[in-house]
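J.: The structure file work-v4.csv (CSV, C-alpha atoms and all ligand atoms) is provided below.
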```csv
chain,number,residue,atom,x,y,z
A,1,MET,CA,31.0,127.8,8.5
A,2,SER,CA,27.5,126.8,9.7
A,3,ASP,CA,26.8,123.2,10.8
A,4,MET,CA,24.5,122.9,7.8
A,5,VAL,CA,27.3,123.9,5.4
A,6,ARG,CA,29.7,121.6,7.0
A,7,ARG,CA,27.2,118.7,6.6
A,8,ILE,CA,26.6,119.5,2.9
A,9,ARG,CA,30.3,119.7,2.3
A,10,ALA,CA,30.8,116.4,4.0
A,11,SER,CA,28.3,114.7,1.8
A,12,VAL,CA,29.9,116.1,-1.3
A,13,GLU,CA,33.2,114.8,0.0
A,14,GLN,CA,31.7,111.3,0.3
A,15,TYR,CA,30.2,111.3,-3.2
A,16,SER,CA,31.8,108.4,-5.1
A,17,ASP,CA,32.3,109.1,-8.9
A,18,PRO,CA,31.4,106.1,-11.0
A,19,TYR,CA,34.3,106.7,-13.4
A,20,LEU,CA,36.9,107.4,-10.7
A,21,ARG,CA,35.6,104.7,-8.4
A,22,GLN,CA,36.7,107.0,-5.6
A,23,THR,CA,35.1,109.5,-3.3
A,24,LEU,CA,35.7,113.2,-4.3
A,25,LEU,CA,37.6,113.6,-1.0
A,26,ASP,CA,40.0,110.7,-1.8
A,27,ALA,CA,40.4,112.0,-5.3
A,28,GLY,CA,41.6,115.3,-4.1
A,29,ALA,CA,39.0,117.0,-6.3
A,30,LEU,CA,37.6,119.7,-3.9
A,31,GLU,CA,40.2,122.4,-3.5
A,32,HIS,CA,38.1,124.9,-5.5
A,33,LEU,CA,34.7,123.9,-4.1
A,34,ARG,CA,32.3,126.5,-2.8
A,35,VAL,CA,29.5,125.5,-0.5
A,36,THR,CA,26.6,127.6,1.0
A,37,GLU,CA,23.4,126.4,2.5
A,38,ARG,CA,21.7,126.7,-0.8
A,39,GLU,CA,24.3,125.9,-3.4
A,40,VAL,CA,27.3,123.8,-4.2
A,41,GLY,CA,29.4,125.7,-6.6
A,42,GLY,CA,33.0,126.4,-7.7
A,43,THR,CA,35.1,123.9,-9.7
A,44,ILE,CA,35.6,120.2,-9.1
A,45,GLU,CA,38.9,118.8,-10.5
A,46,LEU,CA,38.8,115.2,-11.8
A,47,GLY,CA,41.8,113.4,-13.1
A,48,ILE,CA,40.0,112.2,-16.2
A,49,PRO,CA,38.9,113.9,-19.5
A,50,VAL,CA,35.6,115.5,-18.5
A,51,ARG,CA,34.2,117.3,-21.6
A,52,GLY,CA,30.5,116.4,-22.0
A,53,TYR,CA,30.3,115.0,-18.5
A,54,VAL,CA,29.1,118.0,-16.4
A,55,ASP,CA,25.3,117.5,-16.8
A,56,GLN,CA,25.5,113.8,-15.8
A,57,PHE,CA,27.8,114.7,-12.9
A,58,ARG,CA,25.6,117.5,-11.6
A,59,SER,CA,22.4,115.3,-11.7
A,60,ALA,CA,24.2,112.4,-9.9
A,61,LEU,CA,25.6,114.7,-7.2
A,62,THR,CA,22.2,116.3,-6.8
A,63,ALA,CA,20.6,112.9,-6.3
A,64,HIS,CA,23.3,112.0,-3.8
A,65,LEU,CA,22.7,115.2,-1.8
A,66,THR,CA,19.0,114.6,-1.8
A,67,ALA,CA,19.5,111.1,-0.6
A,68,ALA,CA,21.8,112.4,2.1
A,69,GLY,CA,19.1,114.7,3.4
A,70,HIS,CA,19.9,117.9,1.5
A,71,PRO,CA,17.2,118.3,-1.1
A,72,GLY,CA,16.9,121.7,-2.7
A,73,VAL,CA,20.7,122.4,-2.7
A,74,ALA,CA,21.5,123.5,-6.2
A,75,VAL,CA,24.5,121.9,-7.7
A,76,ARG,CA,26.1,124.4,-10.0
A,77,VAL,CA,29.7,123.1,-10.1
A,78,GLU,CA,31.9,123.3,-13.1
A,79,LEU,CA,34.3,120.4,-13.9
A,80,ARG,CA,37.9,120.6,-14.9
A,81,GLY,CA,39.9,117.6,-16.1
A,82,VAL,CA,43.4,117.6,-14.8
A,83,ILE,CA,45.4,114.9,-16.5
A,84,VAL,CA,48.5,114.4,-14.4
A,85,ALA,CA,51.6,112.6,-15.6
A,86,HIS,CA,52.2,109.3,-13.9
A,87,SER,CA,55.6,107.8,-13.2
A,88,VAL,CA,57.3,105.3,-15.6
A,89,GLN,CA,59.4,102.2,-15.1
A,90,ARG,CA,62.9,102.9,-13.7
A,91,PRO,CA,65.3,103.8,-15.1
A,92,LEU,CA,63.4,105.1,-18.1
A,93,LYS,CA,62.5,108.7,-18.6
A,94,PRO,CA,59.1,109.9,-19.7
A,95,LEU,CA,58.8,110.8,-23.4
A,96,PRO,CA,59.1,114.6,-23.6
A,97,GLY,CA,55.7,116.3,-23.9
A,98,VAL,CA,53.7,113.1,-23.4
A,99,SER,CA,52.1,112.8,-20.0
A,100,ASN,CA,51.0,109.2,-20.0
A,101,ILE,CA,51.7,106.3,-22.3
A,102,VAL,CA,49.3,103.5,-21.9
A,103,ALA,CA,50.0,100.1,-23.5
A,104,VAL,CA,47.0,98.0,-24.7
A,105,ALA,CA,48.1,94.3,-24.7
A,106,SER,CA,46.4,90.9,-24.8
A,107,GLY,CA,48.6,87.8,-24.9
A,108,LYS,CA,46.3,86.1,-27.4
A,109,GLY,CA,45.8,87.5,-30.8
A,110,GLY,CA,42.4,88.5,-32.3
A,111,VAL,CA,40.7,89.4,-29.0
A,112,GLY,CA,40.0,93.0,-29.9
A,113,LYS,CA,43.1,94.8,-28.7
A,114,SER,CA,43.3,97.2,-31.7
A,115,THR,CA,39.6,97.8,-31.6
A,116,VAL,CA,39.7,98.6,-27.8
A,117,ALA,CA,42.9,100.7,-28.3
A,118,ALA,CA,41.3,102.8,-31.1
A,119,ASN,CA,38.0,103.4,-29.2
A,120,LEU,CA,39.8,104.2,-25.9
A,121,ALA,CA,42.0,106.8,-27.7
A,122,LEU,CA,38.9,108.3,-29.4
A,123,ALA,CA,36.9,108.3,-26.1
A,124,TRP,CA,39.7,110.2,-24.3
A,125,ALA,CA,39.8,112.7,-27.2
A,126,ALA,CA,36.0,113.1,-27.0
A,127,GLY,CA,36.4,113.9,-23.4
A,128,GLY,CA,38.7,116.8,-24.3
A,129,ALA,CA,42.2,115.1,-23.8
A,130,ARG,CA,45.1,115.5,-26.3
A,131,VAL,CA,45.6,112.0,-27.6
A,132,GLY,CA,47.8,110.0,-29.8
A,133,ILE,CA,48.0,106.3,-30.8
A,134,LEU,CA,51.0,104.3,-31.8
A,135,ASP,CA,50.3,101.1,-33.7
A,136,ALA,CA,53.2,98.9,-32.7
A,137,ASP,CA,51.9,95.7,-34.3
A,138,ILE,CA,54.5,95.3,-36.9
A,139,TYR,CA,53.2,92.0,-38.3
A,140,GLY,CA,49.6,93.0,-38.5
A,141,PRO,CA,49.1,96.7,-38.1
A,142,SER,CA,45.3,97.6,-38.0
A,143,GLN,CA,45.2,101.3,-37.1
A,144,PRO,CA,45.6,102.6,-40.6
A,145,ILE,CA,42.4,100.8,-41.6
A,146,MET,CA,40.5,101.4,-38.3
A,147,LEU,CA,41.2,105.1,-38.4
A,148,GLY,CA,40.6,105.5,-42.1
A,149,LEU,CA,44.2,106.3,-43.0
A,150,GLN,CA,45.1,103.4,-45.3
A,151,GLY,CA,47.6,104.2,-48.0
A,152,GLN,CA,48.7,107.4,-46.4
A,153,ARG,CA,52.2,108.2,-45.4
A,154,PRO,CA,53.5,110.5,-42.7
A,155,SER,CA,55.9,113.2,-43.8
A,156,ALA,CA,59.3,114.1,-42.4
A,157,PRO,CA,59.7,117.8,-42.9
A,158,ASP,CA,63.2,118.0,-41.4
A,159,GLY,CA,64.2,114.6,-42.8
A,160,LYS,CA,64.5,113.1,-39.4
A,161,HIS,CA,61.3,113.5,-37.4
A,162,LEU,CA,58.0,112.1,-38.6
A,163,LEU,CA,54.8,114.1,-38.4
A,164,PRO,CA,52.0,111.9,-37.2
A,165,LEU,CA,48.8,111.7,-39.3
A,166,GLU,CA,45.5,112.8,-37.8
A,167,ALA,CA,42.2,111.1,-37.7
A,168,HIS,CA,39.0,112.1,-35.7
A,169,GLY,CA,41.1,114.5,-33.7
A,170,ILE,CA,43.9,112.1,-32.6
A,171,LYS,CA,47.5,111.8,-33.8
A,172,VAL,CA,48.3,108.5,-35.4
A,173,MET,CA,51.5,106.7,-36.1
A,174,SER,CA,51.7,103.2,-37.4
A,175,ILE,CA,54.5,101.0,-38.3
A,176,GLY,CA,52.2,100.0,-41.1
A,177,PHE,CA,52.6,103.5,-42.7
A,178,LEU,CA,56.3,102.8,-43.2
A,179,VAL,CA,57.0,99.1,-43.4
A,180,ASP,CA,55.2,96.5,-45.5
A,181,ALA,CA,53.9,93.8,-43.1
A,182,ALA,CA,55.0,91.1,-45.6
A,183,GLN,CA,58.5,92.6,-45.6
A,184,ALA,CA,58.6,92.7,-41.7
A,185,VAL,CA,57.8,89.1,-41.3
A,186,VAL,CA,61.5,88.1,-41.8
A,187,TRP,CA,62.7,90.7,-39.3
A,188,ARG,CA,64.3,89.4,-36.1
A,189,GLY,CA,63.1,90.5,-32.7
A,190,PRO,CA,65.9,93.1,-32.0
A,191,MET,CA,65.2,94.7,-35.3
A,192,VAL,CA,61.5,95.0,-34.6
A,193,THR,CA,62.0,96.5,-31.1
A,194,GLN,CA,64.7,98.9,-32.5
A,195,ALA,CA,62.3,100.0,-35.3
A,196,LEU,CA,59.4,100.5,-32.8
A,197,THR,CA,61.3,102.4,-30.1
A,198,GLN,CA,62.8,104.6,-32.8
A,199,LEU,CA,59.3,105.2,-34.3
A,200,LEU,CA,58.1,106.2,-30.8
A,201,GLY,CA,61.0,108.6,-30.2
A,202,ASP,CA,61.3,110.1,-33.7
A,203,THR,CA,57.6,111.0,-34.0
A,204,THR,CA,56.7,114.7,-33.4
A,205,TRP,CA,53.8,114.0,-31.0
A,206,GLY,CA,53.7,117.5,-29.6
A,207,GLU,CA,51.9,117.8,-26.2
A,208,LEU,CA,49.8,114.8,-25.3
A,209,ASP,CA,47.8,113.8,-22.3
A,210,TYR,CA,47.6,110.2,-23.4
A,211,LEU,CA,49.5,108.1,-26.0
A,212,VAL,CA,47.9,104.7,-26.5
A,213,VAL,CA,50.2,102.0,-27.7
A,214,ASP,CA,48.5,99.1,-29.6
A,215,MET,CA,50.9,96.3,-28.8
A,216,PRO,CA,51.6,93.3,-31.0
A,217,PRO,CA,49.9,90.1,-29.8
A,218,GLY,CA,51.9,87.6,-27.7
A,219,THR,CA,54.2,87.6,-24.7
A,220,GLY,CA,57.5,86.8,-26.4
A,221,ASP,CA,60.8,88.7,-26.6
A,222,ILE,CA,59.4,91.6,-28.6
A,223,GLN,CA,56.6,92.3,-26.2
A,224,LEU,CA,58.9,91.9,-23.2
A,225,THR,CA,61.6,94.2,-24.6
A,226,LEU,CA,58.9,96.8,-25.5
A,227,SER,CA,57.5,96.7,-22.1
A,228,GLN,CA,61.0,97.3,-20.7
A,229,ARG,CA,61.9,100.1,-23.2
A,230,VAL,CA,58.7,102.1,-23.7
A,231,PRO,CA,58.2,104.5,-20.7
A,232,VAL,CA,54.6,103.6,-19.9
A,233,SER,CA,52.3,104.8,-17.0
A,234,GLY,CA,50.5,101.5,-17.2
A,235,ALA,CA,49.1,98.7,-19.2
A,236,LEU,CA,45.6,97.6,-20.1
A,237,ILE,CA,44.9,93.9,-20.8
A,238,VAL,CA,42.2,93.0,-23.3
A,239,THR,CA,40.8,89.5,-23.2
A,240,THR,CA,37.7,87.5,-24.1
A,241,PRO,CA,36.0,85.4,-21.5
A,242,GLN,CA,37.3,82.2,-23.2
A,243,ASP,CA,39.7,80.0,-21.2
A,244,ILE,CA,42.5,80.0,-23.8
A,245,ALA,CA,42.3,83.8,-24.1
A,246,LEU,CA,42.4,84.2,-20.3
A,247,ALA,CA,45.4,81.9,-20.1
A,248,ASP,CA,47.3,84.1,-22.5
A,249,ALA,CA,46.1,87.3,-20.8
A,250,ARG,CA,47.5,85.9,-17.5
A,251,LYS,CA,50.9,85.6,-19.2
A,252,GLY,CA,50.6,89.2,-20.4
A,253,LEU,CA,49.7,90.3,-16.9
A,254,ALA,CA,52.7,88.4,-15.5
A,255,MET,CA,55.0,90.0,-18.1
A,256,PHE,CA,54.0,93.5,-17.0
A,257,GLU,CA,54.3,92.6,-13.3
A,258,LYS,CA,57.8,91.3,-14.0
A,259,VAL,CA,59.0,94.6,-15.5
A,260,ALA,CA,57.1,96.6,-12.8
A,261,VAL,CA,54.6,98.2,-15.2
A,262,PRO,CA,51.3,98.7,-13.3
A,263,VAL,CA,48.3,96.9,-14.8
A,264,LEU,CA,45.5,99.4,-14.9
A,265,GLY,CA,42.9,96.8,-15.4
A,266,ILE,CA,41.2,94.3,-17.7
A,267,VAL,CA,38.8,95.0,-20.5
A,268,GLU,CA,36.7,91.9,-21.3
A,269,ASN,CA,35.7,92.0,-25.0
A,270,MET,CA,33.1,89.9,-26.7
A,271,SER,CA,31.5,89.3,-23.3
A,272,LEU,CA,28.1,88.5,-24.7
A,273,HIS,CA,26.1,88.7,-27.9
A,274,VAL,CA,22.5,90.1,-28.1
A,275,CYS,CA,20.6,88.4,-30.9
A,276,THR,CA,19.5,91.0,-33.4
A,277,HIS,CA,16.4,88.9,-34.2
A,278,CYS,CA,15.0,88.0,-30.8
A,279,GLY,CA,17.2,89.9,-28.4
A,280,HIS,CA,18.2,86.8,-26.4
A,281,VAL,CA,21.6,87.0,-24.8
A,282,GLU,CA,24.3,84.4,-25.6
A,283,HIS,CA,27.7,84.1,-24.0
A,284,ILE,CA,29.5,82.9,-27.0
A,285,PHE,CA,33.0,82.8,-25.4
A,286,GLY,CA,31.9,81.9,-21.9
A,287,GLU,CA,30.8,84.0,-19.0
A,288,GLY,CA,32.5,85.9,-16.2
A,289,GLY,CA,36.1,85.0,-17.2
A,290,GLY,CA,37.3,88.6,-17.1
A,291,ALA,CA,35.8,89.2,-13.6
A,292,ARG,CA,37.4,86.0,-12.3
A,293,MET,CA,40.8,86.9,-13.7
A,294,ALA,CA,40.5,90.4,-12.3
A,295,ALA,CA,39.6,89.0,-8.8
A,296,GLU,CA,42.4,86.5,-8.8
A,297,HIS,CA,45.0,89.0,-9.7
A,298,GLY,CA,43.7,91.9,-7.6
A,299,VAL,CA,43.2,94.2,-10.6
A,300,GLN,CA,40.1,96.0,-11.8
A,301,LEU,CA,37.7,94.8,-14.5
A,302,LEU,CA,37.3,98.1,-16.2
A,303,GLY,CA,34.5,97.2,-18.6
A,304,SER,CA,32.9,94.5,-20.6
A,305,LEU,CA,32.0,95.0,-24.3
A,306,PRO,CA,29.5,93.1,-26.3
A,307,LEU,CA,30.2,91.1,-29.5
A,308,ASP,CA,28.3,93.2,-32.0
A,309,SER,CA,28.7,93.3,-35.8
A,310,ARG,CA,28.5,97.1,-35.7
A,311,VAL,CA,31.7,97.2,-33.7
A,312,ARG,CA,33.5,95.4,-36.5
A,313,GLU,CA,31.8,97.2,-39.3
A,314,GLU,CA,32.5,100.7,-37.9
A,315,ALA,CA,36.2,99.8,-37.2
A,316,ASP,CA,36.5,98.3,-40.8
A,317,GLY,CA,35.0,101.5,-42.1
A,318,GLY,CA,37.7,103.7,-40.5
A,319,ALA,CA,35.4,105.3,-37.9
A,320,PRO,CA,35.3,103.2,-34.7
A,321,SER,CA,32.1,103.1,-32.7
A,322,VAL,CA,33.1,105.9,-30.3
A,323,VAL,CA,32.9,108.3,-33.3
A,324,SER,CA,30.3,106.4,-35.4
A,325,ALA,CA,27.8,105.9,-32.7
A,326,PRO,CA,28.6,108.4,-30.0
A,327,MET,CA,25.0,108.2,-28.7
A,328,LEU,CA,26.3,105.2,-26.7
A,329,ARG,CA,28.0,107.8,-24.5
A,330,PRO,CA,25.3,108.5,-21.9
A,331,GLU,CA,25.9,112.3,-21.6
A,332,LEU,CA,25.5,112.7,-25.4
A,333,SER,CA,22.5,110.4,-25.8
A,334,LYS,CA,20.5,112.8,-23.6
A,335,ARG,CA,20.6,115.3,-26.4
A,336,LEU,CA,19.1,113.0,-29.0
A,401,LIG,N1,33.2,93.6,-29.6
A,401,LIG,C1,33.4,93.3,-30.9
A,401,LIG,N2,32.3,93.0,-31.7
A,401,LIG,C2,32.4,92.6,-33.0
A,401,LIG,N3,33.6,92.5,-33.6
A,401,LIG,C3,34.7,92.8,-32.9
A,401,LIG,C4,34.7,93.2,-31.5
A,401,LIG,N4,35.9,93.4,-31.1
A,401,LIG,C5,36.7,93.2,-32.2
A,401,LIG,N5,36.0,92.8,-33.3
A,401,LIG,C6,36.5,92.4,-34.6
A,401,LIG,O1,37.3,91.3,-34.4
A,401,LIG,C7,38.5,91.3,-35.2
A,401,LIG,C8,39.8,91.3,-34.3
A,401,LIG,O2,39.8,92.5,-33.6
A,401,LIG,P1,41.1,93.3,-33.4
A,401,LIG,O3,41.8,93.5,-34.7
A,401,LIG,O4,40.8,94.5,-32.6
A,401,LIG,O5,41.9,92.3,-32.4
A,401,LIG,P2,43.4,92.3,-32.0
A,401,LIG,O6,43.5,91.7,-30.7
A,401,LIG,O7,44.0,93.6,-32.2
A,401,LIG,O8,44.0,91.3,-33.1
A,401,LIG,P3,45.6,91.1,-33.5
A,401,LIG,O9,46.1,90.1,-32.5
A,401,LIG,O10,45.5,90.5,-34.9
A,401,LIG,O11,46.3,92.4,-33.4
A,401,LIG,C9,38.4,92.6,-36.0
A,401,LIG,O12,37.8,92.3,-37.2
A,401,LIG,C10,37.4,93.5,-35.2
A,401,LIG,O13,36.7,94.4,-36.0
A,402,MG,MG,45.7,94.3,-33.4
A,403,ZN,ZN,17.8,84.9,-31.4
```
Take the structure I supplied and represent it as structure tokens, if you would.
T.:
Amino acid sequence: MSDMVRRIRASVEQYSDPYLRQTLLDAGALEHLRVTEREVGGTIELGIPVRGYVDQFRSALTAHLTAAGHPGVAVRVELRGVIVAHSVQRPLKPLPGVSNIVAVASGKGGVGKSTVAANLALAWAAGGARVGILDADIYGPSQPIMLGLQGQRPSAPDGKHLLPLEAHGIKVMSIGFLVDAAQAVVWRGPMVTQALTQLLGDTTWGELDYLVVDMPPGTGDIQLTLSQRVPVSGALIVTTPQDIALADARKGLAMFEKVAVPVLGIVENMSLHVCTHCGHVEHIFGEGGGARMAAEHGVQLLGSLPLDSRVREEADGGAPSVVSAPMLRPELSKRL
């Protein structure tokens, strides 16, 4: 290997992917990389869904190489998404066929958990992953409406296992398909957790990279029992920047820590509002709360989402923003 090739390879290794927030070397992405003095080729393996991402990745890596003193090296790499299964809480066993279950939780109700869960699931699917969503909010299931499946019922061809419904390319199961929310209100905690764990296990999910669980709001017995019984890879906490939402989100975080479920990060929803008339920015629920909470607890702030009436309208219409307005995805917007 020439010195030049070694130097080019070293700069590729030090490229930090904005989604992974890691260098390609640390991410173990470069086993199938091929470098010459003129070209970076071969395949880069990222542990995330990568469909639609290659153009953006190549331009960013090209810019990185140019800045590192290697202009004119053509970046022709292909990307492969390799979604590995992460471990689950002991002594639970992973759900067969499902690589990663991710719980979306909040503490406080109404902060946008279901909206984030639906959009996250759809974004992973858009990236080429095999995805399912389980709506575990027995008292207020939202996924049937948000995914345009209201009034439908899953079938049970063998009389025992439920076939999930499908919407926008993801598999969907909701307690709302089976139980009337008004009827469930009188159920006691153990009955609820029993019904939900059974629903998780008795659904024919098939092979999935990710199963998103839209958790019921709160941090009571039901949530605690679910976080102990559902074999998850990690949990995502949704909050608004408002103090009372953050206080409840901290309880949610503490609950997952107690049962040794890794908290993958915080999503701050309704972070700001951009006025549709004059464009001025208003922090309706306060500013910077998600970032402060993330820093205090040593977890990542994964993203901040605006309060925007289109987010609500699109979710109410059964096609959340990720499918209704995919131009928000940078790699797709370039085509418009
Ligand atoms: N970023 C946003 N911009 C505008 N509206 C939003 C946004 N996020 C959520 N909403 C709307 O706010 C309402 C509450 O959101 P959602 O149902 O996702 O919250 P939740 O935390 O799941 O609530 P619950 O505790 O009842 O389960 C919904 O009508 C939703 O469409
Ligand atoms: Mg909800
Ligand atoms: Zn205004």
J.: Find the residues near ligand ZN 403 (chain A). Use a cut-off of 10 Å, count only C-alpha atoms and all ligand atoms, and write them as number ranges by chain.
T.: A: 273-282
J.: Restricted to C-alpha atoms, what would the selected residues look like written as a PDB file, keeping the file's coordinate frame?
T.:
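The resulting file, out_37.pdb, is shown below:
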```
ATOM      1  CA  HIS A 273      26.100  88.700 -27.900  1.00  0.00           C
ATOM      2  CA  VAL A 274      22.500  90.100 -28.100  1.00  0.00           C
ATOM      3  CA  CYS A 275      20.600  88.400 -30.900  1.00  0.00           C
ATOM      4  CA  THR A 276      19.500  91.000 -33.400  1.00  0.00           C
ATOM      5  CA  HIS A 277      16.400  88.900 -34.200  1.00  0.00           C
ATOM      6  CA  CYS A 278      15.000  88.000 -30.800  1.00  0.00           C
ATOM      7  CA  GLY A 279      17.200  89.900 -28.400  1.00  0.00           C
ATOM      8  CA  HIS A 280      18.200  86.800 -26.400  1.00  0.00           C
ATOM      9  CA  VAL A 281      21.600  87.000 -24.800  1.00  0.00           C
ATOM     10  CA  GLU A 282      24.300  84.400 -25.600  1.00  0.00           C
TER      11      GLU A 282
END
```
J.: Could you name the residues that touch Pro94 in chain A at 12 Å or less, counting only C-alpha atoms, but leaving out those on the same chain fewer than 4 positions away, as a PyMOL selection string?
T.: chain A and resi 85-90+98-102+200-201+208+211+229-233
J.: Could you list, as a PyMOL selection string, all the residues within 12 Å of ligand MG 402 (chain A), counting all atoms listed in the file?
T.: chain A and resi 104-118+134-146+174+176+213-218+238+315
J.: Please report the interatomic distance between CA of Gly290 in chain A and CA of Ile244 in chain A in Å with one decimal.
T.: 12.1 Å
J.: Taking (59.7, 109.4, -41.7) in the coordinates of the supplied file, I want to know which residues reach to within 12 Å of it, counting all atoms listed in the file; could you give the answer as a ChimeraX atom specification?
T.: /A:153-165,173-175,177-179,195,198-204
J.: Any idea what the distance is between CA of His283 in chain A and CA of Pro320 in chain A?
T.: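 Separation between CA of His283 in chain A and CA of Pro320 in chain A: 23.2 Å.
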J.: Just the number, please: distance in Å from CA of Val82 in chain A to CA of Glu166 in chain A, one decimal.
T.: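 So the answer is 23.6 Å.
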